[in-house]
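The structure appears below as structure tokens.
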Amino acid sequence: MGAVPEGLKNRLIGLMHIGHVVESIEESVATFRRVYGLDDDDIRLLPEFDGAPTRFAFVRVGGVEFELIEPLSDEFRAILLGVKSGEGGINHVAYRVDDIDKAMADLQSAGIRPGYVTPGGVIDTGRTRIAYLNPDDTGALLIELVEVKPGTKGWFES
């Protein structure tokens with residue numbers, strides 16, 4: 001594997017999107033609506049391309065775009081699900097929230113439970129309060145919510 005070109009970080013503008021392979025665009029969009037409370041302005045369903053082995057939708061959440069990719073054949077599903085992303089793949093997507101207790105209450109009212117390493121709910125890490133959402137309720141996407149405590153800063157804030 002070659003070295004990263006010098007200065008590439010200075011050419012990057014920002015995150016474009018996070019690709020997420022899904023079984024069904026319709027079910028995934030419905031899950032994103034339920035989890036995040038999205039409306040039609042946050043969702044773009046792309047028309048199918050003639051002969052394309054996939055369907056696509058883009059969903060905007062908290063300034064981040066997700067590309068939902070639905071394979072249309074068993075062969076292409078195996079290809080997409082077999083692609084490794086780094087050594088372990090994407091583990092989770094984390095969002096900073098202003099009030100984690102209110103966020104969790106809103107999610108609970110929509111039937112979304114805490115899960116993964118925080119099945120009991122919110123945990124205190126000292127500088128942050130975090131909760132993971134149960135992937136069974138979020139379309140298999142592991143989501144972390146982070147509330148940075150007053151008087152502390154994010155990892156890259158000075």
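Please note that chains go A, B, ... in the order of the structure tokens, that every chain numbers its residues from 1, and that ligands are numbered from 1 in the order shown.
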field: Close residues, region 63-80 of chain A itself excluded, 12 Å, only C-alpha atoms, min 5 positions apart in chain, as a PyMOL selection string
entry: chain A and resi 14-29+31-32+42-46+48-49+51-58+85+93-96+139+141
Output of the above residues as a PDB file, in the first residue's frame, restricted to C-alpha atoms:
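again.pdb, freshly written:
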ATOM      1  CA  GLY A  14     -14.992  17.798   4.389  1.00  0.00           C
ATOM      2  CA  LEU A  15     -17.033  14.651   4.721  1.00  0.00           C
ATOM      3  CA  MET A  16     -19.171  13.964   1.640  1.00  0.00           C
ATOM      4  CA  HIS A  17     -21.249  11.046   2.921  1.00  0.00           C
ATOM      5  CA  ILE A  18     -21.150   7.698   4.692  1.00  0.00           C
ATOM      6  CA  GLY A  19     -22.123   4.744   2.504  1.00  0.00           C
ATOM      7  CA  HIS A  20     -24.388   2.172   4.115  1.00  0.00           C
ATOM      8  CA  VAL A  21     -25.458  -1.049   2.358  1.00  0.00           C
ATOM      9  CA  VAL A  22     -29.093  -1.830   3.165  1.00  0.00           C
ATOM     10  CA  GLU A  23     -31.549  -4.591   2.363  1.00  0.00           C
ATOM     11  CA  SER A  24     -34.359  -2.212   1.391  1.00  0.00           C
ATOM     12  CA  ILE A  25     -34.284   1.508   0.568  1.00  0.00           C
ATOM     13  CA  GLU A  26     -37.907   1.894   1.673  1.00  0.00           C
ATOM     14  CA  GLU A  27     -37.380   0.197   5.043  1.00  0.00           C
ATOM     15  CA  SER A  28     -34.131   2.077   5.674  1.00  0.00           C
ATOM     16  CA  VAL A  29     -35.657   5.453   4.837  1.00  0.00           C
ATOM     17  CA  THR A  31     -36.099   3.765   9.911  1.00  0.00           C
ATOM     18  CA  PHE A  32     -34.133   6.992   9.365  1.00  0.00           C
ATOM     19  CA  ASP A  42     -33.886  15.482   4.344  1.00  0.00           C
ATOM     20  CA  ILE A  43     -34.326  12.563   1.921  1.00  0.00           C
ATOM     21  CA  ARG A  44     -33.434  12.170  -1.759  1.00  0.00           C
ATOM     22  CA  LEU A  45     -34.493   8.987  -3.532  1.00  0.00           C
ATOM     23  CA  LEU A  46     -32.512   8.653  -6.750  1.00  0.00           C
ATOM     24  CA  GLU A  48     -33.063   3.796 -10.819  1.00  0.00           C
ATOM     25  CA  PHE A  49     -30.395   3.795 -13.507  1.00  0.00           C
ATOM     26  CA  GLY A  51     -29.295  -1.803 -15.837  1.00  0.00           C
ATOM     27  CA  ALA A  52     -27.672  -0.636 -12.584  1.00  0.00           C
ATOM     28  CA  PRO A  53     -27.170  -3.398 -10.009  1.00  0.00           C
ATOM     29  CA  THR A  54     -28.110  -1.056  -7.135  1.00  0.00           C
ATOM     30  CA  ARG A  55     -30.608   1.576  -6.005  1.00  0.00           C
ATOM     31  CA  PHE A  56     -29.600   4.672  -4.038  1.00  0.00           C
ATOM     32  CA  ALA A  57     -31.016   7.190  -1.611  1.00  0.00           C
ATOM     33  CA  PHE A  58     -29.331  10.011   0.277  1.00  0.00           C
ATOM     34  CA  SER A  85     -13.644  -1.023   4.981  1.00  0.00           C
ATOM     35  CA  VAL A  93     -21.558   6.951  13.661  1.00  0.00           C
ATOM     36  CA  ALA A  94     -21.402   9.422  16.552  1.00  0.00           C
ATOM     37  CA  TYR A  95     -23.448  12.599  16.855  1.00  0.00           C
ATOM     38  CA  ARG A  96     -22.905  15.399  19.332  1.00  0.00           C
ATOM     39  CA  GLY A 139     -31.632  -0.431  10.656  1.00  0.00           C
ATOM     40  CA  LEU A 141     -26.517   1.104  12.048  1.00  0.00           C
TER      41      LEU A 141
END
Non-local contacts of Ala105 (chain A) (12 Å; only C-alpha atoms; under 6 positions in same chain excluded) as a PyMOL selection string: chain A and resi 35+99+111-114+121-122+131
query: Which is closer to Arg33 (chain A) than all the others in A:His92, A:Pro119, A:Asp137, A:Gly126, using only C-alpha atoms?
result: A:Asp137
field: DSSP-assigned strand (DSSP E) among chain A, expressed as a PyMOL selection string
entry: chain A and resi 18-21+43-45+54-61+64-71+93-96+123-124+128-133+143-148
message: Please identify the alpha helix (DSSP H) residues within region 5-85 of chain A (assignment by DSSP from backbone atoms) and present them as a list in words.
response: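 Taking region 5-85 of chain A and keeping alpha helix (DSSP H) gives Leu8, Lys9, Asn10, Arg11, Ile25, Glu26, Glu27, Ser28, Val29, Ala30, Thr31, Phe32, Arg33, Arg34, Val35, Tyr36, Asp74, Glu75, Phe76, Arg77, Ala78, Ile79, Leu80, Leu81 and Gly82 of chain A.
The gap separating CA of Val61 (chain A) from CA of Pro47 (chain A) is 21.0 Å, in Å to one decimal.
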- request: Work out how far apart CA of Glu144 (chain A) and CA of Lys9 (chain A) are and give it in Å to one decimal.
  value: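 It comes out at 25.7 Å.
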- prompt: So which one's closest to Val97 (chain A), A:Leu81, A:Leu145, A:Ile130, A:Ala30? Using only C-alpha atoms, please.
  reply: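 Using only C-alpha atoms, Val97 (chain A) sits closest to A:Leu145.
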- request: Grab the CA of Gly151 (chain A) to CA of Lys102 (chain A) distance for me, in Å with one decimal place.
  value: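 CA of Lys102 (chain A) lies at a distance of 20.0 Å from CA of Gly151 (chain A).
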